[in-house]
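Undergrad: To be precise about what I am sending: the file is called input36.txt and holds compact mmCIF, C-alpha atoms.
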# COMPACT_ATOMS: atom_id res chain seq x y z
CA MET A 1 0.00 0.00 0.00
CA SER A 2 1.23 3.47 -0.82
CA GLU A 3 -0.30 5.32 2.13
CA GLN A 4 0.31 4.58 5.80
CA ARG A 5 -2.84 3.59 7.61
CA ALA A 6 -3.98 5.34 10.76
CA VAL A 7 -6.91 4.86 13.12
CA ILE A 8 -8.61 8.13 14.05
CA LEU A 9 -11.04 8.30 16.99
CA VAL A 10 -13.94 10.43 15.78
CA SER A 11 -16.74 11.48 18.11
CA GLY A 12 -18.60 13.83 15.81
CA GLY A 13 -17.36 16.83 17.80
CA LEU A 14 -15.22 19.75 16.77
CA ASP A 15 -11.91 18.49 18.19
CA SER A 16 -11.84 15.03 16.66
CA ALA A 17 -12.99 16.40 13.27
CA THR A 18 -9.97 18.72 13.34
CA VAL A 19 -7.71 15.79 14.19
CA LEU A 20 -9.09 13.84 11.24
CA ALA A 21 -8.44 16.78 8.91
CA MET A 22 -4.87 16.98 10.25
CA ALA A 23 -4.24 13.26 9.76
CA ARG A 24 -5.55 13.45 6.19
CA ALA A 25 -3.33 16.47 5.56
CA GLU A 26 -0.35 14.44 6.77
CA GLY A 27 -1.17 11.86 4.10
CA TYR A 28 -2.51 9.00 6.21
CA ALA A 29 -5.15 6.59 4.91
CA CYS A 30 -7.71 7.24 7.64
CA TYR A 31 -9.78 4.53 9.33
CA THR A 32 -12.25 6.33 11.56
CA LEU A 33 -13.65 4.79 14.72
CA SER A 34 -16.67 5.91 16.72
CA PHE A 35 -18.38 4.45 19.76
CA ASP A 36 -22.01 3.92 20.53
CA TYR A 37 -21.52 3.69 24.29
CA GLY A 38 -24.92 4.69 25.53
CA GLN A 39 -24.15 8.41 25.43
CA ARG A 40 -27.08 10.80 25.70
CA ASN A 41 -25.97 12.69 22.66
CA ARG A 42 -27.18 10.53 19.79
CA ALA A 43 -26.71 13.29 17.20
CA GLU A 44 -22.97 12.97 17.85
CA LEU A 45 -22.82 9.59 16.09
CA GLN A 46 -24.57 10.91 12.99
CA ALA A 47 -22.11 13.79 12.98
CA ALA A 48 -19.22 11.32 13.22
CA GLU A 49 -20.50 9.56 10.12
CA ARG A 50 -20.92 12.87 8.21
CA VAL A 51 -17.50 14.17 9.25
CA SER A 52 -15.72 10.93 8.35
CA ALA A 53 -17.34 10.75 4.93
CA SER A 54 -16.70 14.41 4.14
CA LEU A 55 -13.02 14.08 5.00
CA GLY A 56 -12.41 11.04 2.82
CA ASP A 57 -12.12 8.22 5.32
CA VAL A 58 -11.25 4.77 3.94
CA GLU A 59 -13.65 3.11 6.38
CA HIS A 60 -15.80 4.26 9.29
CA LYS A 61 -16.55 1.75 12.02
CA VAL A 62 -18.92 2.12 14.95
CA VAL A 63 -18.23 -0.15 17.92
CA ARG A 64 -21.14 -0.58 20.28
CA LEU A 65 -20.52 -1.09 23.97
CA ASN A 66 -22.93 -0.57 26.83
CA LEU A 67 -20.83 1.64 29.11
CA ASP A 68 -24.12 3.01 30.45
CA SER A 69 -24.42 -0.25 32.41
CA ILE A 70 -21.35 0.87 34.38
CA GLY A 71 -22.65 4.41 34.90
CA GLY A 72 -20.73 6.99 36.87
CA SER A 73 -21.03 9.88 34.42
CA ALA A 74 -23.54 12.53 33.49
CA LEU A 75 -22.92 11.60 29.85
CA THR A 76 -24.18 8.05 30.22
CA ASP A 77 -26.30 8.05 33.36
CA ALA A 78 -29.73 9.67 33.08
CA ALA A 79 -29.81 10.08 36.87
CA ILE A 80 -26.93 12.60 36.78
CA ASP A 81 -27.68 16.05 35.32
CA VAL A 82 -25.36 17.66 32.78
CA PRO A 83 -24.08 20.79 34.56
CA GLU A 84 -24.46 24.27 33.10
CA SER A 85 -21.43 25.82 34.77
CA LEU A 86 -17.76 24.91 35.03
CA THR A 87 -16.82 23.12 38.23
CA GLU A 88 -13.64 22.55 40.21
CA GLY A 89 -11.82 19.22 39.94
CA ILE A 90 -12.95 16.30 37.79
CA PRO A 91 -16.31 17.18 36.14
CA VAL A 92 -19.34 14.85 36.37
CA THR A 93 -19.21 14.67 32.57
CA TYR A 94 -16.00 12.66 32.90
CA VAL A 95 -16.71 9.06 31.84
CA PRO A 96 -14.58 6.66 33.92
CA ALA A 97 -11.66 5.33 31.87
CA ARG A 98 -13.33 6.41 28.62
CA ASN A 99 -10.21 7.39 26.70
CA THR A 100 -8.47 4.23 27.90
CA ILE A 101 -11.36 2.10 26.67
CA PHE A 102 -11.61 3.93 23.33
CA LEU A 103 -7.85 3.89 22.72
CA SER A 104 -7.73 0.17 23.58
CA ILE A 105 -10.36 -0.66 20.99
CA GLY A 106 -8.56 1.63 18.55
CA LEU A 107 -5.39 -0.32 19.32
CA GLY A 108 -7.17 -3.59 18.51
CA TRP A 109 -8.39 -2.30 15.17
CA ALA A 110 -4.97 -0.79 14.38
CA GLU A 111 -3.43 -4.20 14.98
CA VAL A 112 -5.87 -5.85 12.58
CA LEU A 113 -5.15 -3.14 9.97
CA GLY A 114 -1.38 -3.26 10.51
CA ALA A 115 -1.55 0.43 11.43
CA GLN A 116 1.03 1.90 13.79
CA ASP A 117 -0.61 5.30 14.20
CA ILE A 118 -3.63 6.23 16.32
CA PHE A 119 -4.98 9.78 16.51
CA ILE A 120 -7.10 11.15 19.36
CA GLY A 121 -8.34 14.68 19.98
CA VAL A 122 -7.45 15.00 23.65
CA ASN A 123 -6.67 18.44 24.92
CA ALA A 124 -5.00 19.44 28.16
CA VAL A 125 -6.05 23.08 27.94
CA ASP A 126 -9.85 22.91 28.10
CA TYR A 127 -10.05 19.47 29.71
CA SER A 128 -7.45 19.88 32.43
CA GLY A 129 -9.86 18.27 34.91
CA TYR A 130 -9.93 14.98 32.99
CA PRO A 131 -7.09 12.68 34.10
CA ASP A 132 -7.10 10.84 30.75
CA CYS A 133 -6.41 14.00 28.73
CA ARG A 134 -2.94 14.62 30.17
CA PRO A 135 0.31 14.15 28.20
CA GLU A 136 1.76 11.83 30.88
CA TYR A 137 -1.30 9.59 30.57
CA ILE A 138 -0.96 9.40 26.78
CA ALA A 139 2.75 8.57 27.12
CA ALA A 140 1.95 5.73 29.53
CA PHE A 141 -0.75 4.38 27.21
CA GLU A 142 1.75 4.37 24.34
CA THR A 143 4.31 2.46 26.43
CA MET A 144 1.65 -0.09 27.39
CA SER A 145 0.53 -0.40 23.74
CA ASN A 146 3.99 -1.39 22.64
CA LEU A 147 3.90 -4.35 25.03
CA ALA A 148 0.30 -5.31 24.30
CA THR A 149 0.27 -6.18 20.64
CA ARG A 150 1.73 -8.22 17.85
CA ILE A 151 3.03 -4.97 16.32
CA GLY A 152 5.05 -4.32 19.47
CA VAL A 153 6.33 -7.91 19.68
CA GLU A 154 7.54 -7.57 16.08
CA GLY A 155 9.59 -4.56 17.11
CA ARG A 156 7.45 -1.93 15.39
CA LYS A 157 6.19 1.01 17.39
CA THR A 158 2.65 2.28 17.93
CA THR A 159 2.34 6.06 18.19
CA ILE A 160 -0.59 7.82 19.87
CA HIS A 161 -0.90 11.19 18.11
CA THR A 162 -2.46 14.07 20.07
CA PRO A 163 -2.08 17.07 17.78
CA LEU A 164 -4.50 19.21 19.83
CA MET A 165 -2.90 18.59 23.21
CA LYS A 166 -1.61 22.11 23.77
CA LEU A 167 -3.98 24.16 21.62
CA GLY A 168 -6.75 26.46 22.82
CA LYS A 169 -10.17 26.10 21.22
CA GLY A 170 -9.64 29.16 19.02
CA GLU A 171 -6.35 27.76 17.71
CA ILE A 172 -7.99 24.40 17.01
CA ILE A 173 -10.74 26.09 15.01
CA ARG A 174 -8.29 28.18 13.01
CA ALA A 175 -6.21 25.07 12.22
CA GLY A 176 -9.32 23.25 11.00
CA LEU A 177 -10.51 26.18 8.89
CA ASP A 178 -7.06 26.38 7.27
CA LEU A 179 -7.58 22.75 6.25
CA GLY A 180 -11.00 23.55 4.78
CA LEU A 181 -13.02 21.88 7.55
CA ASP A 182 -16.74 22.69 7.67
CA TYR A 183 -17.55 22.87 11.39
CA SER A 184 -21.29 22.97 10.72
CA LEU A 185 -20.97 19.18 10.23
CA THR A 186 -19.86 18.71 13.85
CA VAL A 187 -21.86 18.45 17.07
CA SER A 188 -20.18 19.14 20.42
CA CYS A 189 -23.10 19.65 22.80
CA TYR A 190 -23.37 17.15 25.68
CA GLN A 191 -27.13 17.12 25.29
CA ALA A 192 -27.78 17.93 21.64
CA SER A 193 -31.27 17.30 20.29
CA VAL A 194 -31.89 14.38 17.96
CA GLU A 195 -31.71 16.84 15.04
CA GLY A 196 -28.26 18.00 16.23
CA PHE A 197 -29.28 21.35 17.74
CA ALA A 198 -26.97 22.43 20.60
CA CYS A 199 -28.20 23.57 24.03
CA GLY A 200 -25.73 26.46 24.17
CA LYS A 201 -25.44 26.07 27.93
CA CYS A 202 -23.34 23.01 28.85
CA ASP A 203 -19.55 23.15 29.35
CA SER A 204 -18.95 21.77 25.88
CA CYS A 205 -21.19 24.40 24.23
CA ARG A 206 -19.57 27.22 26.20
CA LEU A 207 -16.06 26.14 25.23
CA ARG A 208 -17.06 25.75 21.59
CA ARG A 209 -18.86 29.09 21.40
CA GLN A 210 -15.91 30.90 22.98
CA GLY A 211 -13.60 29.13 20.53
CA PHE A 212 -15.32 30.72 17.54
CA VAL A 213 -15.14 34.10 19.28
CA ASP A 214 -11.40 33.58 19.92
CA ALA A 215 -10.83 32.46 16.33
CA GLY A 216 -12.62 35.58 15.14
CA VAL A 217 -14.97 33.68 12.83
CA LYS A 218 -18.71 33.18 12.64
CA ASP A 219 -20.05 30.28 14.76
CA PRO A 220 -21.87 27.87 12.42
CA THR A 221 -23.41 25.92 15.31
CA ARG A 222 -27.18 25.49 15.23
CA TYR A 223 -28.46 26.35 18.69
CA ILE A 224 -31.90 25.49 20.03
CA MET B 1 -18.06 -0.87 53.79
CA SER B 2 -16.22 -3.56 55.70
CA GLU B 3 -14.84 -5.48 52.73
CA GLN B 4 -12.59 -4.04 50.03
CA ARG B 5 -14.17 -4.18 46.62
CA ALA B 6 -12.44 -5.79 43.67
CA VAL B 7 -13.35 -6.22 40.00
CA ILE B 8 -12.70 -9.74 38.71
CA LEU B 9 -12.66 -10.48 34.98
CA VAL B 10 -14.55 -13.74 34.58
CA SER B 11 -14.77 -15.52 31.22
CA GLY B 12 -16.45 -18.72 32.32
CA GLY B 13 -13.24 -20.66 31.86
CA LEU B 14 -11.12 -22.56 34.34
CA ASP B 15 -8.47 -19.90 34.91
CA SER B 16 -10.70 -16.94 35.73
CA ALA B 17 -12.91 -19.11 37.96
CA THR B 18 -9.79 -19.96 39.96
CA VAL B 19 -8.88 -16.28 40.18
CA LEU B 20 -12.35 -15.47 41.50
CA ALA B 21 -12.04 -18.19 44.15
CA MET B 22 -8.66 -16.74 45.14
CA ALA B 23 -10.00 -13.17 45.39
CA ARG B 24 -12.90 -14.38 47.55
CA ALA B 25 -10.47 -16.30 49.76
CA GLU B 26 -8.47 -13.07 50.21
CA GLY B 27 -11.65 -11.46 51.52
CA TYR B 28 -12.54 -9.12 48.67
CA ALA B 29 -16.14 -8.20 47.88
CA CYS B 30 -16.11 -9.44 44.29
CA TYR B 31 -17.72 -7.60 41.37
CA THR B 32 -17.45 -9.92 38.39
CA LEU B 33 -17.25 -8.67 34.82
CA SER B 34 -17.78 -10.64 31.62
CA PHE B 35 -17.82 -9.60 27.99
CA ASP B 36 -20.16 -10.49 25.21
CA TYR B 37 -17.75 -9.57 22.43
CA GLY B 38 -19.04 -11.69 19.60
CA GLN B 39 -17.05 -14.75 20.64
CA ARG B 40 -17.99 -18.07 19.06
CA ASN B 41 -18.19 -19.75 22.41
CA ARG B 42 -21.60 -18.68 23.73
CA ALA B 43 -21.64 -21.33 26.46
CA GLU B 44 -18.74 -19.44 28.06
CA LEU B 45 -21.01 -16.56 29.10
CA GLN B 46 -23.50 -18.88 30.77
CA ALA B 47 -20.60 -20.49 32.59
CA ALA B 48 -19.42 -17.04 33.72
CA GLU B 49 -22.83 -16.40 35.23
CA ARG B 50 -22.88 -19.81 36.99
CA VAL B 51 -19.33 -19.47 38.30
CA SER B 52 -19.90 -15.94 39.60
CA ALA B 53 -23.09 -16.89 41.40
CA SER B 54 -21.63 -20.05 42.92
CA LEU B 55 -18.64 -18.14 44.29
CA GLY B 56 -20.69 -15.44 45.96
CA ASP B 57 -20.19 -12.42 43.73
CA VAL B 58 -21.77 -9.16 44.89
CA GLU B 59 -22.73 -8.29 41.32
CA HIS B 60 -22.11 -9.82 37.89
CA LYS B 61 -22.09 -7.50 34.90
CA VAL B 62 -21.92 -8.39 31.23
CA VAL B 63 -20.65 -5.65 28.92
CA ARG B 64 -21.52 -6.12 25.27
CA LEU B 65 -19.14 -4.91 22.59
CA ASN B 66 -19.00 -5.97 18.98
CA LEU B 67 -15.31 -6.80 18.65
CA ASP B 68 -16.30 -9.18 15.86
CA SER B 69 -16.70 -6.08 13.67
CA ILE B 70 -12.96 -5.57 14.02
CA GLY B 71 -12.14 -9.22 13.32
CA GLY B 72 -8.58 -10.52 13.19
CA SER B 73 -9.05 -13.61 15.38
CA ALA B 74 -10.29 -17.15 15.06
CA LEU B 75 -12.35 -16.55 18.21
CA THR B 76 -14.46 -13.79 16.68
CA ASP B 77 -14.12 -14.23 12.92
CA ALA B 78 -16.07 -17.14 11.41
CA ALA B 79 -13.76 -17.03 8.37
CA ILE B 80 -10.75 -18.14 10.47
CA ASP B 81 -10.73 -21.75 11.67
CA VAL B 82 -9.91 -22.63 15.28
CA PRO B 83 -6.71 -24.69 15.02
CA GLU B 84 -6.38 -28.19 16.46
CA SER B 85 -2.65 -28.12 17.06
CA LEU B 86 -0.28 -25.77 18.84
CA THR B 87 1.52 -23.35 16.55
CA GLU B 88 4.69 -21.25 16.71
CA GLY B 89 4.46 -17.53 17.56
CA ILE B 90 1.23 -15.65 18.22
CA PRO B 91 -1.75 -18.01 17.74
CA VAL B 92 -4.72 -17.13 15.48
CA THR B 93 -6.89 -17.45 18.58
CA TYR B 94 -5.22 -14.27 19.88
CA VAL B 95 -7.82 -11.46 19.84
CA PRO B 96 -6.06 -8.15 19.08
CA ALA B 97 -5.71 -6.03 22.23
CA ARG B 98 -8.34 -8.12 24.04
CA ASN B 99 -6.85 -7.99 27.50
CA THR B 100 -6.19 -4.27 27.12
CA ILE B 101 -9.82 -3.67 26.15
CA PHE B 102 -11.17 -5.88 28.95
CA LEU B 103 -8.87 -4.42 31.60
CA SER B 104 -9.81 -0.90 30.46
CA ILE B 105 -13.51 -1.56 30.92
CA GLY B 106 -12.71 -3.22 34.24
CA LEU B 107 -10.80 -0.08 35.18
CA GLY B 108 -13.84 2.07 34.37
CA TRP B 109 -16.11 -0.07 36.52
CA ALA B 110 -13.54 -0.14 39.33
CA GLU B 111 -13.48 3.63 39.29
CA VAL B 112 -17.27 3.81 39.59
CA LEU B 113 -17.16 1.30 42.46
CA GLY B 114 -14.23 3.00 44.18
CA ALA B 115 -12.33 -0.28 43.85
CA GLN B 116 -8.54 -0.23 43.64
CA ASP B 117 -8.09 -3.91 42.82
CA ILE B 118 -8.63 -5.69 39.51
CA PHE B 119 -8.04 -9.43 39.07
CA ILE B 120 -7.34 -11.12 35.73
CA GLY B 121 -6.44 -14.73 34.98
CA VAL B 122 -3.56 -14.17 32.61
CA ASN B 123 -0.88 -16.79 32.51
CA ALA B 124 2.58 -16.57 30.98
CA VAL B 125 3.18 -20.33 31.07
CA ASP B 126 0.51 -21.68 28.72
CA TYR B 127 -0.10 -18.44 26.84
CA SER B 128 3.48 -17.39 26.21
CA GLY B 129 2.54 -16.59 22.60
CA TYR B 130 0.06 -13.88 23.66
CA PRO B 131 1.78 -10.50 24.08
CA ASP B 132 -0.90 -9.30 26.51
CA CYS B 133 -0.30 -12.14 28.97
CA ARG B 134 3.26 -11.12 29.90
CA PRO B 135 4.21 -9.63 33.28
CA GLU B 136 5.84 -6.59 31.64
CA TYR B 137 2.61 -5.84 29.82
CA ILE B 138 0.57 -6.03 33.04
CA ALA B 139 3.07 -3.75 34.81
CA ALA B 140 2.75 -1.18 32.00
CA PHE B 141 -1.05 -1.38 32.14
CA GLU B 142 -0.94 -0.74 35.88
CA THR B 143 1.31 2.30 35.42
CA MET B 144 -1.05 3.68 32.77
CA SER B 145 -4.08 3.00 35.02
CA ASN B 146 -2.66 5.14 37.76
CA LEU B 147 -2.53 8.11 35.39
CA ALA B 148 -5.91 7.42 33.75
CA THR B 149 -8.40 7.70 36.56
CA ARG B 150 -9.80 9.75 39.38
CA ILE B 151 -8.43 7.14 41.79
CA GLY B 152 -4.92 7.79 40.50
CA VAL B 153 -5.35 11.58 40.61
CA GLU B 154 -6.42 11.28 44.24
CA GLY B 155 -3.15 9.52 45.00
CA ARG B 156 -4.60 6.05 45.52
CA LYS B 157 -3.15 3.14 43.58
CA THR B 158 -4.84 0.65 41.28
CA THR B 159 -3.38 -2.86 41.41
CA ILE B 160 -3.78 -5.40 38.61
CA HIS B 161 -3.64 -8.81 40.31
CA THR B 162 -2.46 -11.78 38.23
CA PRO B 163 -2.28 -14.67 40.71
CA LEU B 164 -1.97 -17.30 37.96
CA MET B 165 0.88 -15.62 36.07
CA LYS B 166 3.54 -18.20 36.84
CA LEU B 167 1.43 -21.31 37.49
CA GLY B 168 1.12 -24.36 35.25
CA LYS B 169 -2.39 -25.65 34.53
CA GLY B 170 -2.04 -28.49 37.03
CA GLU B 171 -1.02 -26.06 39.78
CA ILE B 172 -3.96 -23.79 38.94
CA ILE B 173 -6.39 -26.70 39.21
CA ARG B 174 -4.94 -27.88 42.52
CA ALA B 175 -5.20 -24.34 43.92
CA GLY B 176 -8.84 -24.10 42.86
CA LEU B 177 -9.71 -27.53 44.27
CA ASP B 178 -8.11 -26.53 47.58
CA LEU B 179 -10.54 -23.59 47.62
CA GLY B 180 -13.50 -25.90 46.93
CA LEU B 181 -14.01 -24.84 43.32
CA ASP B 182 -16.25 -27.06 41.17
CA TYR B 183 -14.62 -27.06 37.75
CA SER B 184 -17.60 -28.76 36.14
CA LEU B 185 -19.19 -25.28 36.19
CA THR B 186 -16.51 -23.90 33.86
CA VAL B 187 -16.18 -24.05 30.07
CA SER B 188 -12.77 -23.53 28.45
CA CYS B 189 -13.28 -24.86 24.90
CA TYR B 190 -12.81 -22.32 22.09
CA GLN B 191 -15.71 -23.88 20.22
CA ALA B 192 -17.95 -25.37 22.91
CA SER B 193 -21.46 -26.42 21.91
CA VAL B 194 -24.45 -24.35 23.01
CA GLU B 195 -25.00 -26.89 25.79
CA GLY B 196 -21.39 -26.38 26.99
CA PHE B 197 -19.88 -29.61 25.66
CA ALA B 198 -16.16 -29.26 24.84
CA CYS B 199 -14.58 -30.31 21.53
CA GLY B 200 -11.57 -31.91 23.25
CA LYS B 201 -9.34 -30.92 20.31
CA CYS B 202 -8.59 -27.18 20.37
CA ASP B 203 -5.56 -25.69 22.17
CA SER B 204 -7.68 -24.68 25.11
CA CYS B 205 -9.16 -28.19 25.52
CA ARG B 206 -5.72 -29.80 25.26
CA LEU B 207 -4.25 -27.54 27.91
CA ARG B 208 -7.20 -28.08 30.21
CA ARG B 209 -7.25 -31.86 29.80
CA GLN B 210 -3.50 -32.08 30.46
CA GLY B 211 -4.01 -29.87 33.53
CA PHE B 212 -6.29 -32.42 35.17
CA VAL B 213 -3.78 -35.16 34.33
CA ASP B 214 -0.97 -33.08 35.90
CA ALA B 215 -3.09 -32.33 38.97
CA GLY B 216 -3.79 -36.05 39.33
CA VAL B 217 -7.55 -35.59 39.55
CA LYS B 218 -10.54 -36.67 37.48
CA ASP B 219 -11.42 -34.33 34.61
CA PRO B 220 -15.06 -33.20 35.12
CA THR B 221 -15.27 -31.66 31.62
CA ARG B 222 -18.17 -32.80 29.47
CA TYR B 223 -16.72 -33.67 26.05
CA ILE B 224 -18.73 -34.12 22.86
What does the file become when written as structure tokens?
TA:
Amino acid sequence: MSEQRAVILVSGGLDSATVLAMARAEGYACYTLSFDYGQRNRAELQAAERVSASLGDVEHKVVRLNLDSIGGSALTDAAIDVPESLTEGIPVTYVPARNTIFLSIGLGWAEVLGAQDIFIGVNAVDYSGYPDCRPEYIAAFETMSNLATRIGVEGRKTTIHTPLMKLGKGEIIRAGLDLGLDYSLTVSCYQASVEGFACGKCDSCRLRRQGFVDAGVKDPTRYI
Amino acid sequence: MSEQRAVILVSGGLDSATVLAMARAEGYACYTLSFDYGQRNRAELQAAERVSASLGDVEHKVVRLNLDSIGGSALTDAAIDVPESLTEGIPVTYVPARNTIFLSIGLGWAEVLGAQDIFIGVNAVDYSGYPDCRPEYIAAFETMSNLATRIGVEGRKTTIHTPLMKLGKGEIIRAGLDLGLDYSLTVSCYQASVEGFACGKCDSCRLRRQGFVDAGVKDPTRYI
């Protein structure tokens, strides 16, 4: 094959769409992976499909897993409200071990594909309260990956790419726009309507809205 | 709570049943976790339920995830035959990143439960061809875990327990029998019938059968 394969975790949100555009721009053949994990935001998965197709993915796969049976997060547990203001410490929207679970499944698919590159849109600026968004966590996952798989045993290296790690939301948006990304395809809201309209009030909406302000461009988000 | 909680990965096979018996004997309140991941062996999940109940689990959870959509293993891909003889290198029954995926979901549940202990029945003696059964892999997973979760951020430590790591099958069986385990409840065969009858021919059956010979006890397995 002429192009190197990469697995890109795509949620349907703004960040992971930008990561996909970056991976394409770097010349990777992109295999996009989304998760139906019982999240409230069902419009997100449709957005993931739209974003993947519009950015020329080779294949888009949706893995279903019922993380809602484990609970522990406002994003999967209907008994916990999505907050409308930023809080101290780890937010209730944190899903226990979510990035570890998603990266692990991405690692499995990468192994099947013979891909040594996995991209994820984690960000330590806006999500500093999430333990699994920190650079030291990603480095430890990468070390573990290289012991976990056939690729590692064969002496090849798996790389976890986090191109957004140190970018603010405005910088992320500008980078995506430079790559021709249409952010109206993406849905970031934690509690978007079935039609993909954003609440405009949750942490994710606030960060996104401020990002367009910071980038100095019009916000294409459809709010309720 | 008076007892410490632990998450035990239980497949329905001989090894993980022994691990559960060991964790109970150590006094842990055991939360057992099984996966419906599109494996051929459906009898395994029923065995997991039986084993968990008989050993006094606090709660048994089955997480569904369609790993078969990723493929790459004889255990999940109907197009790949289960082999009837041991092979060199990594066997085709290896499921890419399986232990990483299972441990990650176990880590998420442990976080919700406030549990710092996860038990898994990996074994470096019989499964030396599986990269994710090696001690160095488990150590790297543990290091990553402590950066991934709220428990780690709060300065508490997650331990991945692998009490079978260095035991031969005969030693595992003797340890389980000493704890009163009834191995007729377990199903190890890679291609067991719906009723739980074992083929007697696959790698897993061969290892199990030899284990009872080595332990010097009668094999309670129901063969076809």
Undergrad: Could I get the residues of chain B with an atom no further than 7 Å from an atom of chain A, each paired with its nearest atom pair and that distance in Å to one decimal, using all atoms listed in the file, sorted by chain and residue number, as a Markdown table?
TA:
| residue | atom | partner | partner_atom | distance |
| --- | --- | --- | --- | --- |
| B:Val63 | CA | A:Asn66 | CA | 5.9 |
| B:Arg64 | CA | A:Leu65 | CA | 5.3 |
| B:Leu65 | CA | A:Leu65 | CA | 4.3 |
| B:Asn66 | CA | A:Arg64 | CA | 5.9 |
| B:Ile70 | CA | A:Trp109 | CA | 5.7 |
| B:Gly72 | CA | A:Val112 | CA | 5.4 |
| B:Pro96 | CA | A:Gly108 | CA | 4.7 |
| B:Ala97 | CA | A:Gly108 | CA | 4.7 |
| B:Thr100 | CA | A:Ser104 | CA | 5.9 |
| B:Ile101 | CA | A:Ser104 | CA | 5.1 |
| B:Ser104 | CA | A:Ile101 | CA | 5.1 |
| B:Ile105 | CA | A:Ile101 | CA | 6.0 |
| B:Leu107 | CA | A:Ala97 | CA | 6.4 |
| B:Gly108 | CA | A:Ala97 | CA | 4.7 |
| B:Trp109 | CA | A:Ile70 | CA | 5.7 |
| B:Glu111 | CA | A:Pro96 | CA | 6.3 |
| B:Val112 | CA | A:Gly72 | CA | 5.4 |
| B:Pro131 | CA | A:Ala148 | CA | 5.4 |
| B:Asp132 | CA | A:Ala148 | CA | 4.7 |
| B:Tyr137 | CA | A:Leu147 | CA | 5.2 |
| B:Ala140 | CA | A:Met144 | CA | 4.9 |
| B:Phe141 | CA | A:Met144 | CA | 5.6 |
| B:Thr143 | CA | A:Ala140 | CA | 6.8 |
| B:Met144 | CA | A:Ala140 | CA | 4.9 |
| B:Leu147 | CA | A:Tyr137 | CA | 5.2 |
| B:Ala148 | CA | A:Asp132 | CA | 4.7 |
| B:Thr149 | CA | A:Pro131 | CA | 5.7 |
| B:Arg150 | CA | A:Pro131 | CA | 6.6 |
| B:Val153 | CA | A:Pro131 | CA | 6.8 |
Undergrad: Would you work out the distance separating atom CA of B:Val58 from atom CA of B:Asp15, expressed in Å to one decimal?
TA: 19.8 Å
Undergrad: Figure out the distance between atom CA of B:Thr32 and atom CA of B:His60, please, to one decimal in Å.
TA: 4.7 Å
Undergrad: Any idea what's packed within 8 Å of A:Leu20, counting only C-alpha atoms, ignoring anything in its chain fewer than 6 positions away? Could you give it as an MDAnalysis selection string?
TA: chainID A and resid 8 10 30 52 55 119
Undergrad: Rounded to one decimal in Å, what is the spacing between atom CA of B:Ile224 and atom CA of B:Asp178?
TA: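 Between these atoms lies a distance of 28.0 Å.
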Undergrad: When you count all atoms listed in the file, which of these residues is closest to A:Val125: A:Glu171, A:Glu154, A:Glu44, A:Glu3?
TA: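 Going through A:Glu171, A:Glu154, A:Glu44, A:Glu3 one by one, the smallest distance to A:Val125 is for A:Glu171.
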Undergrad: Measuring atom to atom with only C-alpha atoms, identify which of B:Cys202, B:Leu185, B:Val7, B:Val217 is nearest to B:Ser54.
TA: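 With only C-alpha atoms as the atom set, the closest residue is B:Leu185.
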Undergrad: So, with all atoms listed in the file as the atoms that count, which of B:Leu33, B:Leu179, B:Ala23, B:Cys199 lies closest to B:His161?
TA: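 The shortest atom-to-atom distance to B:His161 comes from B:Ala23.
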Undergrad: Can you list, as a VMD selection string, every protein, DNA or RNA residue that comes within 12 Å of B:Val213 when you count all atoms listed in the file, leaving out same-chain residues fewer than 3 positions away?
TA: chain B and resid 168 to 171 173 to 174 206 to 210 216 to 220
